[in-house]
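Asks: Structure supplied as my_file.pdb; contents: PDB, C-alpha atoms.
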```pdb
ATOM      1  CA  MET F 144      12.481  -0.192 -71.443  1.00  0.00           C
ATOM      2  CA  HIS F 145      10.048  -2.367 -69.546  1.00  0.00           C
ATOM      3  CA  THR F 146       6.313  -1.824 -69.684  1.00  0.00           C
ATOM      4  CA  LEU F 147       3.642  -3.138 -67.408  1.00  0.00           C
ATOM      5  CA  GLY F 148       0.973  -1.121 -69.197  1.00  0.00           C
ATOM      6  CA  PRO F 149      -0.228   2.356 -68.315  1.00  0.00           C
ATOM      7  CA  LEU F 150      -1.976   2.913 -65.017  1.00  0.00           C
ATOM      8  CA  PRO F 151      -5.506   4.227 -65.432  1.00  0.00           C
ATOM      9  CA  ALA F 152      -5.524   7.875 -64.280  1.00  0.00           C
ATOM     10  CA  GLY F 153      -8.067   7.233 -61.539  1.00  0.00           C
ATOM     11  CA  ASP F 154      -5.974   4.402 -60.115  1.00  0.00           C
ATOM     12  CA  LYS F 155      -2.674   6.271 -59.695  1.00  0.00           C
ATOM     13  CA  ALA F 156      -3.332   7.177 -56.062  1.00  0.00           C
ATOM     14  CA  ALA F 157      -4.232   3.563 -55.279  1.00  0.00           C
ATOM     15  CA  ALA F 158      -1.180   2.291 -57.168  1.00  0.00           C
ATOM     16  CA  TYR F 159       1.143   4.593 -55.206  1.00  0.00           C
ATOM     17  CA  ALA F 160      -0.563   3.628 -51.931  1.00  0.00           C
ATOM     18  CA  GLU F 161       0.113  -0.031 -52.772  1.00  0.00           C
ATOM     19  CA  LEU F 162       3.722   0.819 -53.674  1.00  0.00           C
ATOM     20  CA  ALA F 163       4.082   2.577 -50.299  1.00  0.00           C
ATOM     21  CA  ARG F 164       2.836  -0.557 -48.502  1.00  0.00           C
ATOM     22  CA  SER F 165       5.230  -2.717 -50.515  1.00  0.00           C
ATOM     23  CA  LEU F 166       8.135  -0.367 -49.867  1.00  0.00           C
ATOM     24  CA  ARG F 167       7.464  -0.283 -46.110  1.00  0.00           C
ATOM     25  CA  ALA F 168       7.484  -4.087 -46.006  1.00  0.00           C
ATOM     26  CA  LEU F 169      10.611  -4.272 -48.166  1.00  0.00           C
ATOM     27  CA  LEU F 170      12.593  -1.802 -46.039  1.00  0.00           C
ATOM     28  CA  GLU F 171      11.255  -2.755 -42.610  1.00  0.00           C
ATOM     29  CA  GLY F 172      14.000  -3.178 -40.055  1.00  0.00           C
ATOM     30  CA  GLU F 173      16.827  -2.157 -42.403  1.00  0.00           C
ATOM     31  CA  PRO F 174      18.293   1.317 -41.837  1.00  0.00           C
ATOM     32  CA  ASP F 175      21.213   1.044 -44.304  1.00  0.00           C
ATOM     33  CA  LEU F 176      20.883   3.838 -46.861  1.00  0.00           C
ATOM     34  CA  VAL F 177      22.501   1.993 -49.777  1.00  0.00           C
ATOM     35  CA  ALA F 178      20.558  -1.238 -49.255  1.00  0.00           C
ATOM     36  CA  CYS F 179      17.258   0.628 -48.910  1.00  0.00           C
ATOM     37  CA  ALA F 180      17.992   2.843 -51.923  1.00  0.00           C
ATOM     38  CA  ALA F 181      18.886  -0.188 -54.041  1.00  0.00           C
ATOM     39  CA  ASN F 182      15.646  -1.984 -53.208  1.00  0.00           C
ATOM     40  CA  MET F 183      13.545   1.158 -53.664  1.00  0.00           C
ATOM     41  CA  ALA F 184      15.088   1.856 -57.085  1.00  0.00           C
ATOM     42  CA  SER F 185      14.394  -1.716 -58.163  1.00  0.00           C
ATOM     43  CA  LEU F 186      10.831  -1.665 -56.839  1.00  0.00           C
ATOM     44  CA  LEU F 187      10.040   1.542 -58.731  1.00  0.00           C
ATOM     45  CA  TYR F 188      11.753   0.463 -61.938  1.00  0.00           C
ATOM     46  CA  TRP F 189       9.893  -2.831 -62.089  1.00  0.00           C
ATOM     47  CA  SER F 190       6.541  -1.519 -60.796  1.00  0.00           C
ATOM     48  CA  LEU F 191       5.984   1.727 -62.690  1.00  0.00           C
ATOM     49  CA  PRO F 192       5.308   1.624 -66.423  1.00  0.00           C
ATOM     50  CA  GLU F 193       7.298   3.431 -69.100  1.00  0.00           C
ATOM     51  CA  LEU F 194      10.506   4.064 -67.168  1.00  0.00           C
ATOM     52  CA  ASN F 195      13.991   3.732 -68.582  1.00  0.00           C
ATOM     53  CA  TRP F 196      15.801   4.790 -65.380  1.00  0.00           C
ATOM     54  CA  ALA F 197      15.011   4.908 -61.667  1.00  0.00           C
ATOM     55  CA  GLY F 198      17.506   5.670 -58.959  1.00  0.00           C
ATOM     56  CA  PHE F 199      19.244   7.956 -56.557  1.00  0.00           C
ATOM     57  CA  TYR F 200      21.888  10.617 -56.597  1.00  0.00           C
ATOM     58  CA  LEU F 201      23.291  11.061 -53.090  1.00  0.00           C
ATOM     59  CA  VAL F 202      25.053  14.078 -51.630  1.00  0.00           C
ATOM     60  CA  GLU F 203      28.794  13.497 -51.537  1.00  0.00           C
ATOM     61  CA  PRO F 204      29.833  15.103 -48.219  1.00  0.00           C
ATOM     62  CA  ARG F 205      33.290  16.252 -49.333  1.00  0.00           C
ATOM     63  CA  THR F 206      32.133  18.284 -52.357  1.00  0.00           C
ATOM     64  CA  GLY F 207      28.379  18.626 -51.854  1.00  0.00           C
ATOM     65  CA  ASP F 208      27.840  17.288 -55.386  1.00  0.00           C
ATOM     66  CA  LEU F 209      25.205  14.678 -56.198  1.00  0.00           C
ATOM     67  CA  LEU F 210      26.976  11.358 -56.697  1.00  0.00           C
ATOM     68  CA  LEU F 211      25.398   8.406 -58.496  1.00  0.00           C
ATOM     69  CA  GLY F 212      23.800   5.995 -56.069  1.00  0.00           C
ATOM     70  CA  PRO F 213      21.802   2.786 -56.457  1.00  0.00           C
ATOM     71  CA  PHE F 214      19.744   2.657 -59.657  1.00  0.00           C
ATOM     72  CA  GLN F 215      18.097   0.508 -62.312  1.00  0.00           C
ATOM     73  CA  GLY F 216      18.599   1.277 -65.997  1.00  0.00           C
ATOM     74  CA  LYS F 217      21.473   2.129 -68.321  1.00  0.00           C
ATOM     75  CA  PRO F 218      24.750   3.502 -66.952  1.00  0.00           C
ATOM     76  CA  ALA F 219      24.337   7.108 -65.861  1.00  0.00           C
ATOM     77  CA  CYS F 220      26.186  10.327 -65.193  1.00  0.00           C
ATOM     78  CA  ILE F 221      28.337   9.873 -62.109  1.00  0.00           C
ATOM     79  CA  ARG F 222      28.509  13.366 -60.614  1.00  0.00           C
ATOM     80  CA  ILE F 223      26.056  16.269 -60.875  1.00  0.00           C
ATOM     81  CA  PRO F 224      26.756  19.637 -59.248  1.00  0.00           C
ATOM     82  CA  VAL F 225      23.900  20.974 -57.122  1.00  0.00           C
ATOM     83  CA  GLY F 226      22.088  23.568 -59.222  1.00  0.00           C
ATOM     84  CA  LYS F 227      22.893  21.867 -62.564  1.00  0.00           C
ATOM     85  CA  GLY F 228      20.455  19.837 -64.654  1.00  0.00           C
ATOM     86  CA  VAL F 229      17.082  18.624 -63.414  1.00  0.00           C
ATOM     87  CA  CYS F 230      18.544  16.673 -60.479  1.00  0.00           C
ATOM     88  CA  GLY F 231      20.808  19.480 -59.334  1.00  0.00           C
ATOM     89  CA  THR F 232      18.028  22.061 -59.690  1.00  0.00           C
ATOM     90  CA  ALA F 233      15.591  19.958 -57.634  1.00  0.00           C
ATOM     91  CA  ALA F 234      18.305  19.537 -54.993  1.00  0.00           C
ATOM     92  CA  ALA F 235      19.089  23.266 -54.895  1.00  0.00           C
ATOM     93  CA  ARG F 236      15.418  24.248 -54.710  1.00  0.00           C
ATOM     94  CA  ARG F 237      14.566  21.350 -52.388  1.00  0.00           C
ATOM     95  CA  GLU F 238      11.386  20.797 -54.347  1.00  0.00           C
ATOM     96  CA  THR F 239      10.037  18.136 -56.662  1.00  0.00           C
ATOM     97  CA  LEU F 240      10.442  18.894 -60.352  1.00  0.00           C
ATOM     98  CA  VAL F 241       8.244  17.343 -63.029  1.00  0.00           C
ATOM     99  CA  VAL F 242       9.708  17.958 -66.483  1.00  0.00           C
ATOM    100  CA  ALA F 243       7.465  17.041 -69.428  1.00  0.00           C
ATOM    101  CA  ASP F 244      10.229  17.624 -72.021  1.00  0.00           C
ATOM    102  CA  VAL F 245      13.785  17.364 -70.727  1.00  0.00           C
ATOM    103  CA  HIS F 246      15.121  18.721 -74.029  1.00  0.00           C
ATOM    104  CA  ALA F 247      13.378  22.031 -73.274  1.00  0.00           C
ATOM    105  CA  PHE F 248      14.849  22.229 -69.745  1.00  0.00           C
ATOM    106  CA  GLU F 249      17.704  24.720 -69.803  1.00  0.00           C
ATOM    107  CA  GLY F 250      20.892  23.025 -68.670  1.00  0.00           C
ATOM    108  CA  HIS F 251      19.499  19.490 -68.882  1.00  0.00           C
ATOM    109  CA  ILE F 252      22.232  16.872 -68.491  1.00  0.00           C
ATOM    110  CA  ALA F 253      21.563  14.059 -70.962  1.00  0.00           C
ATOM    111  CA  CYS F 254      22.810  10.811 -69.434  1.00  0.00           C
ATOM    112  CA  ASP F 255      20.578   8.724 -71.737  1.00  0.00           C
ATOM    113  CA  SER F 256      19.488  10.311 -75.015  1.00  0.00           C
ATOM    114  CA  ALA F 257      16.359   8.105 -74.959  1.00  0.00           C
ATOM    115  CA  SER F 258      14.966  10.003 -71.946  1.00  0.00           C
ATOM    116  CA  ASN F 259      12.282  12.548 -72.806  1.00  0.00           C
ATOM    117  CA  SER F 260      10.635  13.295 -69.452  1.00  0.00           C
ATOM    118  CA  GLU F 261      11.755  13.212 -65.843  1.00  0.00           C
ATOM    119  CA  VAL F 262      10.617  13.619 -62.262  1.00  0.00           C
ATOM    120  CA  VAL F 263      13.071  14.360 -59.449  1.00  0.00           C
ATOM    121  CA  VAL F 264      12.162  14.315 -55.753  1.00  0.00           C
ATOM    122  CA  PRO F 265      14.572  15.696 -53.138  1.00  0.00           C
ATOM    123  CA  VAL F 266      15.354  13.288 -50.311  1.00  0.00           C
ATOM    124  CA  LEU F 267      15.358  15.372 -47.141  1.00  0.00           C
ATOM    125  CA  ASP F 268      15.849  14.417 -43.516  1.00  0.00           C
ATOM    126  CA  GLY F 269      14.452  17.528 -41.906  1.00  0.00           C
ATOM    127  CA  GLU F 270      16.504  20.313 -43.491  1.00  0.00           C
ATOM    128  CA  ARG F 271      19.403  18.015 -44.443  1.00  0.00           C
ATOM    129  CA  LEU F 272      19.581  17.069 -48.117  1.00  0.00           C
ATOM    130  CA  ILE F 273      20.454  13.373 -48.471  1.00  0.00           C
ATOM    131  CA  GLY F 274      20.095  13.312 -52.260  1.00  0.00           C
ATOM    132  CA  VAL F 275      17.414  13.025 -54.909  1.00  0.00           C
ATOM    133  CA  LEU F 276      15.214  10.284 -56.347  1.00  0.00           C
ATOM    134  CA  ASP F 277      15.304  10.489 -60.153  1.00  0.00           C
ATOM    135  CA  LEU F 278      12.944   8.755 -62.596  1.00  0.00           C
ATOM    136  CA  ASP F 279      13.305   9.071 -66.371  1.00  0.00           C
ATOM    137  CA  SER F 280      11.007   8.007 -69.183  1.00  0.00           C
ATOM    138  CA  PRO F 281      11.338   7.823 -72.959  1.00  0.00           C
ATOM    139  CA  VAL F 282       7.689   8.950 -73.104  1.00  0.00           C
ATOM    140  CA  PRO F 283       7.170  12.733 -73.283  1.00  0.00           C
ATOM    141  CA  ALA F 284       5.067  14.126 -70.404  1.00  0.00           C
ATOM    142  CA  ARG F 285       5.073  10.704 -68.671  1.00  0.00           C
ATOM    143  CA  PHE F 286       4.944  12.231 -65.174  1.00  0.00           C
ATOM    144  CA  ASP F 287       2.338  14.495 -63.591  1.00  0.00           C
ATOM    145  CA  ALA F 288       1.354  15.964 -60.218  1.00  0.00           C
ATOM    146  CA  ASP F 289      -0.113  12.605 -59.126  1.00  0.00           C
ATOM    147  CA  ASP F 290       3.259  10.948 -59.736  1.00  0.00           C
ATOM    148  CA  ALA F 291       5.014  13.728 -57.840  1.00  0.00           C
ATOM    149  CA  ARG F 292       2.714  13.317 -54.815  1.00  0.00           C
ATOM    150  CA  GLY F 293       2.998   9.533 -54.859  1.00  0.00           C
ATOM    151  CA  LEU F 294       6.790   9.618 -55.136  1.00  0.00           C
ATOM    152  CA  GLU F 295       7.048  12.191 -52.339  1.00  0.00           C
ATOM    153  CA  VAL F 296       5.211   9.771 -50.035  1.00  0.00           C
ATOM    154  CA  LEU F 297       7.552   6.959 -51.090  1.00  0.00           C
ATOM    155  CA  VAL F 298      10.559   9.167 -50.302  1.00  0.00           C
ATOM    156  CA  GLN F 299       9.083   9.777 -46.837  1.00  0.00           C
ATOM    157  CA  VAL F 300       8.833   5.992 -46.341  1.00  0.00           C
ATOM    158  CA  PHE F 301      12.474   5.680 -47.442  1.00  0.00           C
ATOM    159  CA  VAL F 302      13.686   8.412 -45.065  1.00  0.00           C
ATOM    160  CA  ALA F 303      11.767   6.862 -42.162  1.00  0.00           C
ATOM    161  CA  ALA F 304      13.389   3.492 -42.920  1.00  0.00           C
ATOM    162  CA  ILE F 305      16.947   4.822 -42.985  1.00  0.00           C
ATOM    163  CA  ARG F 306      16.256   6.643 -39.717  1.00  0.00           C
ATOM    164  CA  GLY F 307      15.281   3.239 -38.318  1.00  0.00           C
ATOM    165  CA  ARG F 308      11.658   4.186 -37.645  1.00  0.00           C
ATOM    166  CA  SER F 309       8.329   2.958 -38.865  1.00  0.00           C
ATOM    167  CA  SER F 310       6.650   5.443 -41.173  1.00  0.00           C
ATOM    168  CA  GLY F 311       3.067   4.579 -40.229  1.00  0.00           C
ATOM    169  CA  ALA F 312       0.132   3.825 -42.485  1.00  0.00           C
ATOM    170  CA  SER F 313       0.094   7.150 -44.320  1.00  0.00           C
ATOM    171  CA  GLY F 314       3.799   7.269 -45.118  1.00  0.00           C
ATOM    172  CA  ARG F 315       4.145  10.346 -42.920  1.00  0.00           C
ATOM    173  CA  ASP F 316       5.920  10.514 -39.563  1.00  0.00           C
TER     174      ASP F 316
END
```
For the file at hand, write its structure as structure tokens.
Replies:
Amino acid sequence: MHTLGPLPAGDKAAAYAELARSLRALLEGEPDLVACAANMASLLYWSLPELNWAGFYLVEPRTGDLLLGPFQGKPACIRIPVGKGVCGTAAARRETLVVADVHAFEGHIACDSASNSEVVVPVLDGERLIGVLDLDSPVPARFDADDARGLEVLVQVFVAAIRGRSSGASGRD
């Protein structure tokens, strides 16, 4: 696990705004989903404290399952059915899930036994589910509503990039 030190609570919004600016610059002009996902996973993994995994599960068109995409961290589960585990549940509900204790989440899929908390953000292009962004931490209750909001904006920047459009200053189209 890498640590850059905890972000002061009052600075989370500013930290995510800075990450959004960095992500826009990093992805500018590149619409390739895999390349953009790889750079976004790396940016998050190396910028946010107390993570042990950051990456994507992408919808596999043939089966509709979530298939492991670009990530940073230890090797992970390869295929997750929609509706199963935290990632599959977030995908099925099409809503961000913040899980303070993954061991208490019914049906949790343990890819890394060191993970104790998780946040999963669906990646949507309109109504179409592209996949999910998944961040894990060995720290219980590492993620909160501020993280969820900040990550949702970053996902909007990502979706705008793979559509080949600028996402504007706010991260919203």
Asks: Once the PyMOL selection byres ((chain F and resi 283-294) around 6) has been evaluated on this model, what residues remain selected, and can you format them as a PyMOL selection string?
Replies: chain F and resi 159+243-244+259-260+282+295-297
Asks: Near Ala178 (chain F), within 12 Å and counting only C-alpha atoms, which residues show up once chain neighbours fewer than 4 positions away are dropped, as a list in words?
Replies: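 What passes the distance filter is Leu169, Leu170, Glu171, Gly172, Glu173, Pro174, Asn182, Met183, Ala184, Ser185, Phe199, Gly212, Pro213, Phe214, Phe301, Ala304 and Ile305 of chain F.
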Asks: Considering only C-alpha atoms, return as a PyMOL selection string whatever protein or nucleic-acid residues lie within 6 Å of region 205-209 of chain F, sequence-local ones (same chain, fewer than 4 positions apart) excluded.
Replies: chain F and resi 200-201+222-225
Asks: Would you pick out the contacts of Pro218 (chain F) at 10 Å or less, using all atoms listed in the file, so that residues sharing its chain but fewer than 5 positions from it are not included, and give the list as a ChimeraX atom specification?
Replies: /F:196,211,254-255
Asks: Using CA of Val241 (chain F) and CA of Val262 (chain F) as the two end points, give the distance in Å to one decimal.
Replies: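 Here the two named atoms are 4.5 Å from each other.
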Asks: With distances taken over only C-alpha atoms, which of F:Ala197, F:Arg306, F:Gly216, F:Arg236 is nearest to Glu261 (chain F)?
Replies: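 Smallest separation from Glu261 (chain F) among the options: F:Ala197.
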Asks: What is the distance, in Å and to one decimal place, between CA of Cys220 (chain F) and CA of Asp279 (chain F)?
Replies: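 Rounded to one decimal, the two atoms are 13.0 Å apart.
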Asks: Using Å and a single decimal, report how far CA of Ala168 (chain F) sits from CA of Leu210 (chain F).
Replies: 27.1 Å
Asks: Taking 5 positions as the minimum chain separation for residues in the same chain, which residues sit within 12 Å of Asp268 (chain F) when counting only C-alpha atoms? Answer as a list in words.
Replies: Arg237, Ile273, Gly274, Val275, Val298, Gln299, Val300, Phe301, Val302, Ala303, Ala304, Ile305, Arg306 and Asp316 of chain F
Asks: Using all atoms listed in the file, which residues sit within 9 Å of region 247-253 of chain F once same-chain residues fewer than 4 positions away are excluded, as a list in words?
Replies: Cys220, Ile223, Lys227, Gly228, Val229, Cys230, Val242, Ala243, Ala257 and Ser258 of chain F
Asks: Produce a file of the selected residues containing C-alpha atoms, as an mmCIF file, in the frame of the given file.
Replies:
```
data_model
loop_
_atom_site.group_PDB
_atom_site.id
_atom_site.type_symbol
_atom_site.label_atom_id
_atom_site.label_comp_id
_atom_site.auth_asym_id
_atom_site.auth_seq_id
_atom_site.Cartn_x
_atom_site.Cartn_y
_atom_site.Cartn_z
ATOM 1 C CA CYS F 220 26.186 10.327 -65.193
ATOM 2 C CA ILE F 223 26.056 16.269 -60.875
ATOM 3 C CA LYS F 227 22.893 21.867 -62.564
ATOM 4 C CA GLY F 228 20.455 19.837 -64.654
ATOM 5 C CA VAL F 229 17.082 18.624 -63.414
ATOM 6 C CA CYS F 230 18.544 16.673 -60.479
ATOM 7 C CA VAL F 242 9.708 17.958 -66.483
ATOM 8 C CA ALA F 243 7.465 17.041 -69.428
ATOM 9 C CA ALA F 257 16.359 8.105 -74.959
ATOM 10 C CA SER F 258 14.966 10.003 -71.946
#
```
Asks: Pick the closest to Ala158 (chain F) from F:Ser190, F:Ser256, F:Gln215, F:Asn195: which is it, counting only C-alpha atoms?
Replies: F:Ser190
Asks: Here is a test: counting all atoms listed in the file, which residue of F:Val266, F:Leu278, F:Val177, F:Val245 is nearest to Trp189 (chain F)?
Replies: F:Leu278
Asks: Just checking: using all atoms listed in the file, which residue out of F:Val202, F:Ala219, F:Tyr188, F:Pro265 ends up closest to Thr232 (chain F)?
Replies: F:Pro265
